[in-house]
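**Student:** Next comes input.tsv, TSV, C-alpha atoms and all ligand atoms:
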chain	number	residue	atom	x	y	z
A	30	MET	CA	5.23	-14.79	-10.34
A	31	SER	CA	6.00	-17.59	-7.89
A	32	THR	CA	3.74	-20.59	-7.49
A	33	ALA	CA	2.44	-21.00	-3.99
A	34	PRO	CA	3.02	-24.08	-1.89
A	35	SER	CA	-0.17	-25.96	-1.07
A	36	THR	CA	-0.12	-25.77	2.74
A	37	VAL	CA	-2.23	-22.92	3.96
A	38	PRO	CA	-2.70	-22.26	7.67
A	39	VAL	CA	-5.98	-22.47	9.52
A	40	ALA	CA	-7.88	-19.27	8.89
A	41	GLY	CA	-7.52	-16.67	11.61
A	42	THR	CA	-9.92	-13.80	11.96
A	43	GLY	CA	-7.61	-10.98	10.90
A	44	PRO	CA	-5.87	-10.23	7.63
A	45	ARG	CA	-3.11	-12.66	6.62
A	46	PHE	CA	-0.93	-10.16	4.86
A	47	SER	CA	-0.38	-6.45	4.71
A	48	VAL	CA	1.72	-3.83	2.98
A	49	ALA	CA	3.96	-2.00	5.42
A	50	PRO	CA	3.78	1.72	6.17
A	51	MET	CA	6.47	3.39	4.06
A	52	MET	CA	7.13	7.10	4.19
A	53	ASP	CA	6.95	8.85	0.80
A	54	TRP	CA	5.88	5.55	-0.75
A	55	THR	CA	2.55	4.26	0.59
A	56	ASP	CA	0.58	7.42	-0.04
A	57	ARG	CA	-3.01	7.17	-1.27
A	58	HIS	CA	-2.08	6.87	-4.96
A	59	CYS	CA	0.32	4.05	-4.20
A	60	ARG	CA	-2.39	2.30	-2.21
A	61	ALA	CA	-4.94	2.72	-5.01
A	62	PHE	CA	-2.41	1.06	-7.34
A	63	LEU	CA	-1.48	-1.76	-4.93
A	64	ARG	CA	-5.15	-2.51	-4.33
A	65	CYS	CA	-5.39	-3.66	-7.96
A	66	PHE	CA	-3.26	-6.70	-7.04
A	67	SER	CA	-5.22	-8.01	-4.07
A	68	PRO	CA	-8.63	-7.29	-2.57
A	69	ARG	CA	-7.49	-8.70	0.81
A	70	ALA	CA	-4.16	-7.08	1.62
A	71	LEU	CA	-4.37	-4.67	4.51
A	72	LEU	CA	-2.68	-1.46	3.36
A	73	TYR	CA	-0.96	0.88	5.80
A	74	THR	CA	-0.56	4.61	5.34
A	75	GLU	CA	2.80	6.29	5.64
A	76	MET	CA	3.45	7.37	9.21
A	77	ILE	CA	1.52	10.55	9.95
A	78	THR	CA	2.32	12.32	13.19
A	79	ALA	CA	-0.46	12.98	15.63
A	80	ALA	CA	0.66	16.61	15.77
A	81	ALA	CA	0.30	16.98	12.00
A	82	ILE	CA	-3.23	15.61	12.14
A	83	LEU	CA	-4.19	17.88	14.99
A	84	ARG	CA	-2.51	21.04	13.77
A	85	GLY	CA	-1.97	20.53	10.02
A	86	ASP	CA	-4.11	20.07	6.93
A	87	ARG	CA	-6.01	17.10	8.30
A	88	ALA	CA	-8.30	16.63	5.32
A	89	ARG	CA	-5.37	16.37	2.92
A	90	LEU	CA	-3.28	14.14	5.20
A	91	LEU	CA	-6.05	11.64	5.83
A	92	GLN	CA	-7.71	11.65	2.42
A	93	PHE	CA	-8.21	8.29	0.73
A	94	SER	CA	-10.55	6.68	-1.81
A	95	PRO	CA	-13.04	4.03	-0.73
A	96	GLU	CA	-11.49	1.50	-3.15
A	97	GLU	CA	-8.27	1.51	-1.09
A	98	GLN	CA	-9.98	-0.24	1.85
A	99	PRO	CA	-9.04	-2.00	4.04
A	100	VAL	CA	-6.60	0.73	5.09
A	101	ALA	CA	-4.85	1.19	8.45
A	102	LEU	CA	-3.57	4.54	9.68
A	103	GLN	CA	-0.08	4.60	11.17
A	104	LEU	CA	0.45	7.34	13.73
A	105	GLY	CA	3.70	8.74	15.05
A	106	GLY	CA	3.80	10.36	18.45
A	107	SER	CA	4.39	9.85	22.13
A	108	SER	CA	1.77	12.00	23.80
A	109	PRO	CA	-1.17	9.85	24.94
A	110	ALA	CA	-3.56	12.80	24.74
A	111	GLU	CA	-2.50	13.82	21.22
A	112	LEU	CA	-2.47	10.24	19.95
A	113	ALA	CA	-5.95	9.65	21.35
A	114	LEU	CA	-7.32	12.72	19.57
A	115	ALA	CA	-5.57	11.80	16.32
A	116	ALA	CA	-6.76	8.19	16.55
A	117	ARG	CA	-10.34	9.36	16.93
A	118	VAL	CA	-9.99	11.64	13.91
A	119	GLY	CA	-8.52	8.69	11.99
A	120	GLU	CA	-11.38	6.39	12.92
A	121	GLU	CA	-13.91	9.04	11.93
A	122	ALA	CA	-12.15	9.38	8.58
A	123	GLY	CA	-12.81	5.66	7.99
A	124	TYR	CA	-9.50	3.94	8.77
A	125	GLN	CA	-10.01	0.36	9.92
A	126	GLU	CA	-7.07	0.15	12.32
A	127	ILE	CA	-4.90	2.64	14.17
A	128	ASN	CA	-1.24	1.66	14.42
A	129	LEU	CA	1.45	3.24	16.55
A	130	ASN	CA	4.96	3.46	15.10
A	131	CYS	CA	7.52	2.09	17.55
A	132	GLY	CA	9.91	0.89	14.88
A	133	CYS	CA	11.14	3.81	12.83
A	134	PRO	CA	14.73	4.66	13.79
A	135	SER	CA	15.36	7.87	11.80
A	136	ASP	CA	17.10	10.61	13.75
A	137	ARG	CA	14.39	13.09	12.98
A	138	VAL	CA	11.78	10.77	14.40
A	139	SER	CA	13.84	9.83	17.47
A	140	SER	CA	14.49	13.47	18.30
A	141	GLY	CA	10.75	14.01	18.29
A	142	ALA	CA	10.55	11.19	20.89
A	143	PHE	CA	8.66	8.74	18.82
A	144	GLY	CA	9.38	5.75	16.63
A	145	ALA	CA	11.80	3.04	17.76
A	146	CYS	CA	13.16	5.00	20.74
A	147	LEU	CA	9.77	4.36	22.37
A	148	MET	CA	10.74	0.73	22.79
A	149	GLU	CA	12.85	1.94	25.70
A	150	GLU	CA	9.74	3.38	27.32
A	151	PRO	CA	7.19	0.56	27.58
A	152	ALA	CA	5.12	2.32	30.23
A	153	ARG	CA	4.70	5.37	28.01
A	154	VAL	CA	3.76	3.26	25.00
A	155	ALA	CA	1.24	1.38	27.14
A	156	GLU	CA	-0.23	4.72	28.19
A	157	CYS	CA	-0.47	5.78	24.54
A	158	VAL	CA	-2.16	2.51	23.54
A	159	ALA	CA	-4.61	2.69	26.44
A	160	ALA	CA	-5.47	6.31	25.60
A	161	MET	CA	-6.20	5.42	21.97
A	162	ARG	CA	-8.11	2.27	22.92
A	163	ALA	CA	-10.32	4.31	25.21
A	164	VAL	CA	-11.62	6.47	22.36
A	165	VAL	CA	-11.79	4.26	19.25
A	166	GLY	CA	-13.67	1.10	18.36
A	167	VAL	CA	-11.28	-0.10	15.66
A	168	PRO	CA	-8.22	-2.17	16.67
A	169	VAL	CA	-5.19	-0.33	18.01
A	170	THR	CA	-1.94	-2.05	17.06
A	171	VAL	CA	1.79	-1.45	17.53
A	172	LYS	CA	4.57	-1.83	14.98
A	173	MET	CA	7.77	-2.57	16.82
A	174	ARG	CA	11.31	-3.92	16.52
A	175	ILE	CA	12.79	-6.78	18.52
A	176	GLY	CA	14.96	-4.26	20.35
A	177	VAL	CA	16.94	-1.03	20.07
A	178	VAL	CA	20.62	-0.18	20.30
A	179	ASN	CA	21.60	3.36	21.18
A	180	ARG	CA	24.96	4.13	19.57
A	181	GLN	CA	25.40	7.43	21.32
A	182	ARG	CA	24.84	5.84	24.72
A	183	ASP	CA	26.62	2.54	24.07
A	184	GLY	CA	29.58	3.81	21.98
A	185	GLY	CA	30.38	2.68	18.42
A	186	HIS	CA	32.14	-0.62	19.07
A	187	ASP	CA	29.79	-1.83	21.81
A	188	ALA	CA	26.83	-0.74	19.73
A	189	ARG	CA	27.95	-2.95	16.85
A	190	ALA	CA	28.27	-5.93	19.17
A	191	ALA	CA	24.88	-5.12	20.71
A	192	MET	CA	23.34	-4.91	17.27
A	193	LEU	CA	24.61	-8.36	16.32
A	194	ARG	CA	23.69	-10.20	19.50
A	195	PHE	CA	20.33	-11.03	21.01
A	196	ASP	CA	20.75	-12.28	24.55
A	197	GLU	CA	18.47	-13.07	27.48
A	198	ALA	CA	18.53	-9.45	28.67
A	199	ASP	CA	17.37	-8.34	25.20
A	200	TYR	CA	14.58	-10.89	25.28
A	201	ALA	CA	13.54	-9.85	28.77
A	202	ARG	CA	13.17	-6.24	27.56
A	203	LEU	CA	11.20	-7.32	24.51
A	204	SER	CA	8.96	-9.53	26.58
A	205	GLU	CA	8.28	-6.79	29.12
A	206	PHE	CA	7.52	-4.25	26.38
A	207	THR	CA	5.11	-6.74	24.80
A	208	ARG	CA	3.45	-7.59	28.10
A	209	GLN	CA	2.80	-3.94	28.88
A	210	ILE	CA	1.36	-2.97	25.51
A	211	LEU	CA	-0.87	-6.05	25.47
A	212	ALA	CA	-2.15	-5.24	28.94
A	213	ALA	CA	-2.98	-1.76	27.62
A	214	GLY	CA	-5.10	-3.19	24.81
A	215	CYS	CA	-2.81	-3.58	21.78
A	216	ALA	CA	-4.78	-5.87	19.41
A	217	THR	CA	-1.95	-7.09	17.17
A	218	LEU	CA	1.81	-7.16	17.51
A	219	ILE	CA	3.54	-6.26	14.27
A	220	VAL	CA	7.19	-7.13	14.70
A	221	HIS	CA	9.97	-6.06	12.35
A	222	ALA	CA	12.34	-8.90	13.15
A	223	ARG	CA	15.54	-6.90	13.64
A	224	LYS	CA	16.91	-4.45	16.17
A	225	ALA	CA	16.86	-0.73	15.40
A	226	VAL	CA	20.06	1.24	15.84
A	227	LEU	CA	19.45	4.76	17.09
A	228	GLY	CA	22.09	7.23	15.91
A	229	GLY	CA	24.79	6.39	13.39
A	230	LEU	CA	22.89	4.18	10.95
A	231	SER	CA	20.79	5.66	8.17
A	232	PRO	CA	17.15	4.56	7.88
A	233	HIS	CA	18.20	2.46	4.88
A	234	GLU	CA	20.98	0.72	6.85
A	235	ASN	CA	18.53	0.16	9.66
A	236	ARG	CA	16.47	-1.95	7.27
A	237	THR	CA	19.42	-4.00	6.06
A	238	VAL	CA	22.34	-4.10	8.52
A	239	PRO	CA	20.95	-5.45	11.82
A	240	PRO	CA	20.37	-9.17	11.25
A	241	LEU	CA	16.85	-10.53	10.84
A	242	ARG	CA	15.87	-12.74	13.80
A	243	PHE	CA	12.65	-14.58	13.05
A	244	ASP	CA	13.61	-17.01	15.81
A	245	VAL	CA	13.14	-14.20	18.35
A	246	VAL	CA	9.67	-13.43	16.97
A	247	ARG	CA	8.82	-17.13	17.15
A	248	ARG	CA	9.84	-17.16	20.79
A	249	LEU	CA	7.55	-14.18	21.39
A	250	ARG	CA	4.78	-16.12	19.69
A	251	GLU	CA	5.35	-19.04	22.06
A	252	GLU	CA	5.28	-16.77	25.08
A	253	PHE	CA	2.09	-14.97	23.96
A	254	PRO	CA	0.31	-17.70	22.00
A	255	GLY	CA	-3.19	-16.25	21.79
A	256	VAL	CA	-2.15	-12.81	20.57
A	257	PRO	CA	-2.43	-11.92	16.86
A	258	LEU	CA	1.10	-11.55	15.58
A	259	SER	CA	2.35	-10.25	12.26
A	260	VAL	CA	5.98	-10.70	11.26
A	261	ASN	CA	7.84	-8.24	9.06
A	262	GLY	CA	11.24	-8.01	7.45
A	263	GLY	CA	12.85	-9.42	4.33
A	264	ILE	CA	9.88	-11.46	3.07
A	265	ARG	CA	10.17	-11.55	-0.70
A	266	THR	CA	8.22	-14.56	-1.98
A	267	ALA	CA	4.85	-16.21	-1.52
A	268	GLU	CA	6.71	-19.30	-0.32
A	269	ALA	CA	8.40	-17.36	2.47
A	270	ALA	CA	5.06	-15.82	3.46
A	271	VAL	CA	3.28	-19.18	3.57
A	272	GLU	CA	6.12	-20.59	5.65
A	273	ALA	CA	5.83	-17.71	8.12
A	274	VAL	CA	2.08	-18.04	8.55
A	275	GLN	CA	2.58	-21.62	9.71
A	276	TRP	CA	3.68	-20.15	13.04
A	277	CYS	CA	2.30	-16.58	13.08
A	278	ASP	CA	-0.95	-15.00	11.95
A	279	SER	CA	0.16	-12.74	9.15
A	280	VAL	CA	3.05	-11.25	7.25
A	281	MET	CA	3.75	-7.62	6.55
A	282	ILE	CA	5.64	-6.88	3.33
A	283	GLY	CA	7.38	-3.59	2.58
A	284	ARG	CA	9.90	-3.05	-0.18
A	285	GLU	CA	9.17	-6.12	-2.25
A	286	ALA	CA	5.48	-5.25	-2.51
A	287	TYR	CA	6.37	-1.76	-3.70
A	288	HIS	CA	8.95	-2.84	-6.27
A	289	ARG	CA	7.17	-6.02	-7.43
A	290	PRO	CA	3.45	-5.56	-6.76
A	291	TYR	CA	2.49	-8.85	-8.44
A	292	LEU	CA	3.85	-10.44	-5.27
A	293	LEU	CA	0.58	-9.29	-3.68
A	294	ALA	CA	-1.39	-11.26	-6.27
A	295	ALA	CA	0.75	-14.30	-5.47
A	296	LEU	CA	0.08	-13.82	-1.75
A	297	GLN	CA	-3.63	-13.36	-2.38
A	298	ALA	CA	-3.69	-16.71	-4.24
A	299	ALA	CA	-1.49	-18.50	-1.68
A	300	LEU	CA	-3.14	-17.23	1.49
A	301	TYR	CA	-6.77	-17.03	0.31
A	302	PRO	CA	-7.08	-19.92	-2.17
A	303	ALA	CA	-10.84	-20.21	-1.54
A	304	ASP	CA	-11.32	-16.74	-3.06
A	305	HIS	CA	-10.36	-18.07	-6.51
A	306	TRP	CA	-9.37	-14.53	-7.31
A	307	ALA	CA	-7.87	-13.91	-10.73
A	308	ALA	CA	-4.99	-11.43	-10.84
A	309	PRO	CA	-5.50	-8.65	-13.39
A	310	SER	CA	-3.13	-8.41	-16.34
A	311	PRO	CA	-0.86	-5.34	-16.58
A	312	ALA	CA	-3.20	-3.99	-19.28
A	313	GLU	CA	-6.19	-4.36	-16.93
A	314	VAL	CA	-4.30	-2.61	-14.14
A	315	LEU	CA	-3.50	0.25	-16.51
A	316	ASP	CA	-7.17	0.52	-17.50
A	317	ARG	CA	-8.20	0.74	-13.88
A	318	MET	CA	-5.48	3.24	-13.03
A	319	GLY	CA	-6.39	5.25	-16.14
A	320	GLU	CA	-9.87	5.76	-14.73
A	321	TYR	CA	-8.42	6.60	-11.34
A	322	ALA	CA	-5.97	9.10	-12.85
A	323	ALA	CA	-8.73	10.80	-14.87
A	324	ARG	CA	-10.68	11.36	-11.68
A	325	GLU	CA	-7.67	12.58	-9.72
A	326	LEU	CA	-6.43	14.92	-12.46
A	327	ALA	CA	-9.90	16.45	-12.73
A	328	ALA	CA	-9.57	17.23	-9.02
A	329	GLY	CA	-6.23	18.98	-9.60
A	330	GLU	CA	-3.69	16.19	-8.92
A	331	ARG	CA	-0.53	15.81	-11.03
A	332	LEU	CA	-0.13	12.65	-13.08
A	333	SER	CA	3.46	12.03	-11.99
A	334	ASN	CA	2.33	11.78	-8.35
A	335	ILE	CA	0.36	8.70	-9.40
A	336	THR	CA	2.62	7.12	-12.02
A	337	ARG	CA	5.76	7.30	-9.86
A	338	HIS	CA	4.42	4.37	-7.86
A	339	MET	CA	3.62	2.25	-10.90
A	340	LEU	CA	7.11	1.49	-12.24
A	341	GLY	CA	7.10	-2.07	-10.86
A	342	LEU	CA	4.02	-3.12	-12.84
A	343	VAL	CA	6.25	-4.91	-15.34
A	344	THR	CA	9.79	-5.97	-14.59
A	345	HIS	CA	11.48	-8.44	-16.88
A	346	THR	CA	9.04	-8.52	-19.79
A	347	ALA	CA	9.48	-7.07	-23.28
A	348	GLY	CA	8.83	-3.34	-23.26
A	349	ALA	CA	9.41	-3.02	-19.50
A	350	ARG	CA	12.20	-0.48	-19.90
A	351	ASP	CA	10.21	1.67	-22.35
A	352	TYR	CA	7.23	1.42	-20.04
A	353	ARG	CA	9.23	2.70	-17.08
A	354	ARG	CA	10.70	5.56	-19.09
A	355	LEU	CA	7.27	6.62	-20.27
A	356	MET	CA	5.82	6.47	-16.76
A	357	ALA	CA	8.76	8.28	-15.15
A	358	GLU	CA	9.63	10.89	-17.76
A	359	GLY	CA	6.48	11.20	-19.87
A	360	ALA	CA	4.35	11.84	-16.82
A	361	ARG	CA	6.48	14.80	-15.76
A	362	SER	CA	5.27	17.01	-18.60
A	363	ARG	CA	2.69	19.51	-17.38
A	364	SER	CA	0.36	18.55	-20.21
A	365	ALA	CA	0.52	14.80	-19.44
A	366	GLY	CA	-2.95	13.35	-18.94
A	367	PRO	CA	-4.54	9.96	-18.28
A	368	GLU	CA	-4.07	9.05	-21.96
A	369	LEU	CA	-0.44	8.37	-21.02
A	370	LEU	CA	-1.64	5.22	-19.27
A	371	ALA	CA	-3.44	4.11	-22.45
A	372	GLN	CA	-0.18	4.77	-24.32
A	373	ALA	CA	1.70	2.63	-21.75
A	374	ARG	CA	-0.88	-0.11	-22.21
A	375	ALA	CA	-0.41	-0.07	-25.99
A	376	LEU	CA	3.35	-0.20	-25.50
A	377	LEU	CA	3.09	-3.31	-23.34
A	378	LEU	CA	0.66	-5.06	-25.68
A	379	GLN	CA	2.97	-4.24	-28.58
A	380	GLY	CA	5.94	-5.69	-26.66
A	381	ALA	CA	3.98	-8.86	-25.88
A	382	ALA	CA	2.90	-9.37	-29.54
A	401	LIG	C1	10.96	4.00	2.00
A	401	LIG	C2	10.58	3.39	3.31
A	401	LIG	C3	9.86	4.14	4.24
A	401	LIG	C4	9.46	3.57	5.46
A	401	LIG	N1	8.66	4.30	6.30
A	401	LIG	C5	8.16	3.70	7.42
A	401	LIG	C6	7.17	4.36	8.21
A	401	LIG	O1	6.71	5.47	7.90
A	401	LIG	N2	6.74	3.71	9.33
A	401	LIG	C7	7.21	2.47	9.69
A	401	LIG	O2	6.76	1.91	10.71
A	401	LIG	N3	8.12	1.82	8.93
A	401	LIG	C8	8.59	2.39	7.80
A	401	LIG	N4	9.44	1.70	7.00
A	401	LIG	C9	9.82	0.31	7.36
A	401	LIG	C10	8.86	-0.71	6.74
A	401	LIG	O3	7.55	-0.50	7.23
A	401	LIG	C11	9.31	-2.14	7.02
A	401	LIG	O4	9.28	-2.36	8.40
A	401	LIG	C12	10.71	-2.44	6.49
A	401	LIG	O5	10.88	-1.98	5.17
A	401	LIG	C13	11.01	-3.95	6.55
A	401	LIG	O6	10.11	-4.67	5.73
A	401	LIG	P1	10.56	-5.22	4.26
A	401	LIG	O7	11.84	-5.97	4.43
A	401	LIG	O8	9.43	-6.11	3.81
A	401	LIG	O9	10.74	-4.01	3.39
A	401	LIG	C14	9.83	2.24	5.78
A	401	LIG	C15	10.58	1.49	4.84
A	401	LIG	C16	10.93	2.04	3.62
A	401	LIG	C17	11.67	1.21	2.61
Represent the structure from my file as structure tokens, please.

**Tutor:**
Amino acid sequence: MSTAPSTVPVAGTGPRFSVAPMMDWTDRHCRAFLRCFSPRALLYTEMITAAAILRGDRARLLQFSPEEQPVALQLGGSSPAELALAARVGEEAGYQEINLNCGCPSDRVSSGAFGACLMEEPARVAECVAAMRAVVGVPVTVKMRIGVVNRQRDGGHDARAAMLRFDEADYARLSEFTRQILAAGCATLIVHARKAVLGGLSPHENRTVPPLRFDVVRRLREEFPGVPLSVNGGIRTAEAAVEAVQWCDSVMIGREAYHRPYLLAALQAALYPADHWAAPSPAEVLDRMGEYAARELAAGERLSNITRHMLGLVTHTAGARDYRRLMAEGARSRSAGPELLAQARALLLQGAA
């Protein structure tokens, strides 16, 4: 775990760090696990479409345990009326923030006219934000990119050049998008500091290939100084997070929090030193998750749906490989029960002896 630098920013009112919405990853079991590492991190759901909430199995989609709080619901959609209804359902379910996804570039999402392609339609996004704001009391926020490149429209070669550059025209679009959503009532800007490429890049490439431009987000901060701003993209250490919150309000962490959850404990210590919070040991986390799993299995859940998120509990320590094998393979057996977590605990203690 990294040691945190001593400079901590002046306390703002909102959360100082969060775990990003990640499809297939940040489901409720993942959030219950990640909560063990920090009481303060704001945890986002995976993106759930407004249509799914309105027409699907709403209770299952929105279910969460009280110990996951604070949790924010990320919605996907582009219909103001549907988003407003879904936001209200989300608030009633107990979510503490409603977030609109304007950053996800996957083809499937773009073809449904939501996600990053909405950055090209600021007026529509503003309408969506205003419609949600009108019906909920919790903050409505937007997760966005610094811009979008449309490969089909711009052609392959030009699209590559457009992906790599960030010029005044790009900034003018970003600024106008921001101005409109703020005027509509967006409470926090959450900015993934790279462009999204629509068409041609996989979702994975879209999180790695377009260059990270924190300088652009800093410029946005200077233009809109009073607005809560969270920066996202490529933050992997407590040091990097502390550095970022010198100029913005909070950091959002995605992949690194999932693969190395003790980073959240390091962030908790670095960003909330006055809490004097002691991170639980891996054995303590397994105890807590054992109780959680017993409850969930009694309600009909499968163990592997919980343990699949727990592989990053130990990384380079003795027994880590055996631990991961047990959690990944052992949990798949139909008869696997919560005692598997006690077995994993014994394995780790044995490795440490
Ligand atoms: C597996 C996976 C699924 C993701 N799903 C979503 C999503 O549902 N909504 C969203 O806004 N971003 C999604 N993202 C993007 C992340 O929220 C985040 O913006 C991105 O990973 C960059 O942050 P990082 O470098 O800290 O991982 C996803 C990322 C990953 C790795």

**Student:** Can you tell me how far atom CA of Thr170 of chain A sits from atom CA of Arg60 of chain A, in Å to one decimal?

**Tutor:**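 Atom CA of Arg60 of chain A lies 19.8 Å from atom CA of Thr170 of chain A.
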
**Student:** Within 12 Å of (-4.3, -6.9, -6.6), in the coordinates the file gives, what residues turn up when you count all atoms listed in the file, written out as a ChimeraX atom specification?

**Tutor:** /A:47-48,60-72,96-97,286,289-298,306-311,313-314,317,342

**Student:** May I have the residues within 9 Å of ligand LIG 401 (chain A), computed using all atoms listed in the file, as a PDB file with C-alpha atoms, in the coordinates of the input?

**Tutor:**
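Saved file result10.pdb follows:
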ATOM      1  CA  VAL A  48       1.720  -3.830   2.980  1.00  0.00           C
ATOM      2  CA  ALA A  49       3.960  -2.000   5.420  1.00  0.00           C
ATOM      3  CA  PRO A  50       3.780   1.720   6.170  1.00  0.00           C
ATOM      4  CA  MET A  51       6.470   3.390   4.060  1.00  0.00           C
ATOM      5  CA  MET A  52       7.130   7.100   4.190  1.00  0.00           C
ATOM      6  CA  ASP A  53       6.950   8.850   0.800  1.00  0.00           C
ATOM      7  CA  TRP A  54       5.880   5.550  -0.750  1.00  0.00           C
ATOM      8  CA  THR A  55       2.550   4.260   0.590  1.00  0.00           C
ATOM      9  CA  TYR A  73      -0.960   0.880   5.800  1.00  0.00           C
ATOM     10  CA  THR A  74      -0.560   4.610   5.340  1.00  0.00           C
ATOM     11  CA  GLU A  75       2.800   6.290   5.640  1.00  0.00           C
ATOM     12  CA  MET A  76       3.450   7.370   9.210  1.00  0.00           C
ATOM     13  CA  ILE A  77       1.520  10.550   9.950  1.00  0.00           C
ATOM     14  CA  GLN A 103      -0.080   4.600  11.170  1.00  0.00           C
ATOM     15  CA  LEU A 104       0.450   7.340  13.730  1.00  0.00           C
ATOM     16  CA  GLY A 105       3.700   8.740  15.050  1.00  0.00           C
ATOM     17  CA  ASN A 128      -1.240   1.660  14.420  1.00  0.00           C
ATOM     18  CA  LEU A 129       1.450   3.240  16.550  1.00  0.00           C
ATOM     19  CA  ASN A 130       4.960   3.460  15.100  1.00  0.00           C
ATOM     20  CA  CYS A 131       7.520   2.090  17.550  1.00  0.00           C
ATOM     21  CA  GLY A 132       9.910   0.890  14.880  1.00  0.00           C
ATOM     22  CA  CYS A 133      11.140   3.810  12.830  1.00  0.00           C
ATOM     23  CA  PRO A 134      14.730   4.660  13.790  1.00  0.00           C
ATOM     24  CA  GLY A 144       9.380   5.750  16.630  1.00  0.00           C
ATOM     25  CA  ALA A 145      11.800   3.040  17.760  1.00  0.00           C
ATOM     26  CA  LYS A 172       4.570  -1.830  14.980  1.00  0.00           C
ATOM     27  CA  MET A 173       7.770  -2.570  16.820  1.00  0.00           C
ATOM     28  CA  ARG A 174      11.310  -3.920  16.520  1.00  0.00           C
ATOM     29  CA  VAL A 220       7.190  -7.130  14.700  1.00  0.00           C
ATOM     30  CA  HIS A 221       9.970  -6.060  12.350  1.00  0.00           C
ATOM     31  CA  ALA A 222      12.340  -8.900  13.150  1.00  0.00           C
ATOM     32  CA  ARG A 223      15.540  -6.900  13.640  1.00  0.00           C
ATOM     33  CA  PRO A 232      17.150   4.560   7.880  1.00  0.00           C
ATOM     34  CA  HIS A 233      18.200   2.460   4.880  1.00  0.00           C
ATOM     35  CA  ASN A 235      18.530   0.160   9.660  1.00  0.00           C
ATOM     36  CA  ARG A 236      16.470  -1.950   7.270  1.00  0.00           C
ATOM     37  CA  THR A 237      19.420  -4.000   6.060  1.00  0.00           C
ATOM     38  CA  ASN A 261       7.840  -8.240   9.060  1.00  0.00           C
ATOM     39  CA  GLY A 262      11.240  -8.010   7.450  1.00  0.00           C
ATOM     40  CA  GLY A 263      12.850  -9.420   4.330  1.00  0.00           C
ATOM     41  CA  ILE A 264       9.880 -11.460   3.070  1.00  0.00           C
ATOM     42  CA  ARG A 265      10.170 -11.550  -0.700  1.00  0.00           C
ATOM     43  CA  VAL A 280       3.050 -11.250   7.250  1.00  0.00           C
ATOM     44  CA  MET A 281       3.750  -7.620   6.550  1.00  0.00           C
ATOM     45  CA  ILE A 282       5.640  -6.880   3.330  1.00  0.00           C
ATOM     46  CA  GLY A 283       7.380  -3.590   2.580  1.00  0.00           C
ATOM     47  CA  ARG A 284       9.900  -3.050  -0.180  1.00  0.00           C
ATOM     48  CA  GLU A 285       9.170  -6.120  -2.250  1.00  0.00           C
ATOM     49  CA  ALA A 286       5.480  -5.250  -2.510  1.00  0.00           C
ATOM     50  CA  TYR A 287       6.370  -1.760  -3.700  1.00  0.00           C
TER      51      TYR A 287
END

**Student:** So the first atom is atom CA of Val274 of chain A and the second is atom CA of Val245 of chain A; what is the distance between them in Å, to one decimal place?

**Tutor:**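 For atom CA of Val274 of chain A relative to atom CA of Val245 of chain A, the distance reads 15.3 Å.
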
**Student:** So which one's closest to Ala122 of chain A, A:Ala191, A:Leu203, A:Leu211, A:Ala88? Using all atoms listed in the file, please.

**Tutor:**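 Among the listed residues, the smallest separation from Ala122 of chain A belongs to A:Ala88.
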
**Student:** One decimal, in Å: what's the spacing between atom CA of Lys224 of chain A and atom CA of Ala152 of chain A?

**Tutor:**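 For atom CA of Lys224 of chain A relative to atom CA of Ala152 of chain A, the distance reads 19.6 Å.
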
**Student:** Enclose all atoms of segment 211-217 of chain A listed in the file in an axis-aligned box, grow every side by 4 Å, and hand back centre and edge lengths in Å to one decimal, as AutoDock Vina command-line options.

**Tutor:**
--center_x -3.0 --center_y -4.4 --center_z 23.1 --size_x 12.2 --size_y 13.3 --size_z 19.8

**Student:** Using all atoms listed in the file, collect all residues at a distance of at most 12 Å from (25.7, -10.3, 8.9) as written in the file, then present them as a PDB file with C-alpha atoms, in the frame of the given file.

**Tutor:**
ATOM      1  CA  ARG A 189      27.950  -2.950  16.850  1.00  0.00           C
ATOM      2  CA  ALA A 190      28.270  -5.930  19.170  1.00  0.00           C
ATOM      3  CA  MET A 192      23.340  -4.910  17.270  1.00  0.00           C
ATOM      4  CA  LEU A 193      24.610  -8.360  16.320  1.00  0.00           C
ATOM      5  CA  ARG A 194      23.690 -10.200  19.500  1.00  0.00           C
ATOM      6  CA  ARG A 223      15.540  -6.900  13.640  1.00  0.00           C
ATOM      7  CA  THR A 237      19.420  -4.000   6.060  1.00  0.00           C
ATOM      8  CA  VAL A 238      22.340  -4.100   8.520  1.00  0.00           C
ATOM      9  CA  PRO A 239      20.950  -5.450  11.820  1.00  0.00           C
ATOM     10  CA  PRO A 240      20.370  -9.170  11.250  1.00  0.00           C
ATOM     11  CA  LEU A 241      16.850 -10.530  10.840  1.00  0.00           C
ATOM     12  CA  ARG A 242      15.870 -12.740  13.800  1.00  0.00           C
TER      13      ARG A 242
END

**Student:** For Pro367 of chain A, which residue out of A:Gln98, A:Ser333, A:Thr78, A:Thr207 is the nearest one, using all atoms listed in the file?

**Tutor:**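 The closest residue to Pro367 of chain A is A:Ser333.
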
**Student:** Point out the residue among A:Leu370, A:Ser107, A:Cys59, A:Asp86 with the least atom-to-atom distance to Arg353 of chain A, counting only C-alpha atoms.

**Tutor:**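 Residue with the minimum atom-to-atom distance to Arg353 of chain A: A:Leu370.
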
**Student:** So which one's closest to Asp56 of chain A, A:Ile335, A:Val154, A:Cys215, A:Ala225? Using only C-alpha atoms, please.

**Tutor:** A:Ile335

**Student:** Using only C-alpha atoms for the distances, tell me which of A:Glu330, A:Glu358, A:Asp351, A:Asp199 is nearest to Arg57 of chain A.

**Tutor:**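 Ranked by minimum distance to Arg57 of chain A, first place goes to A:Glu330.
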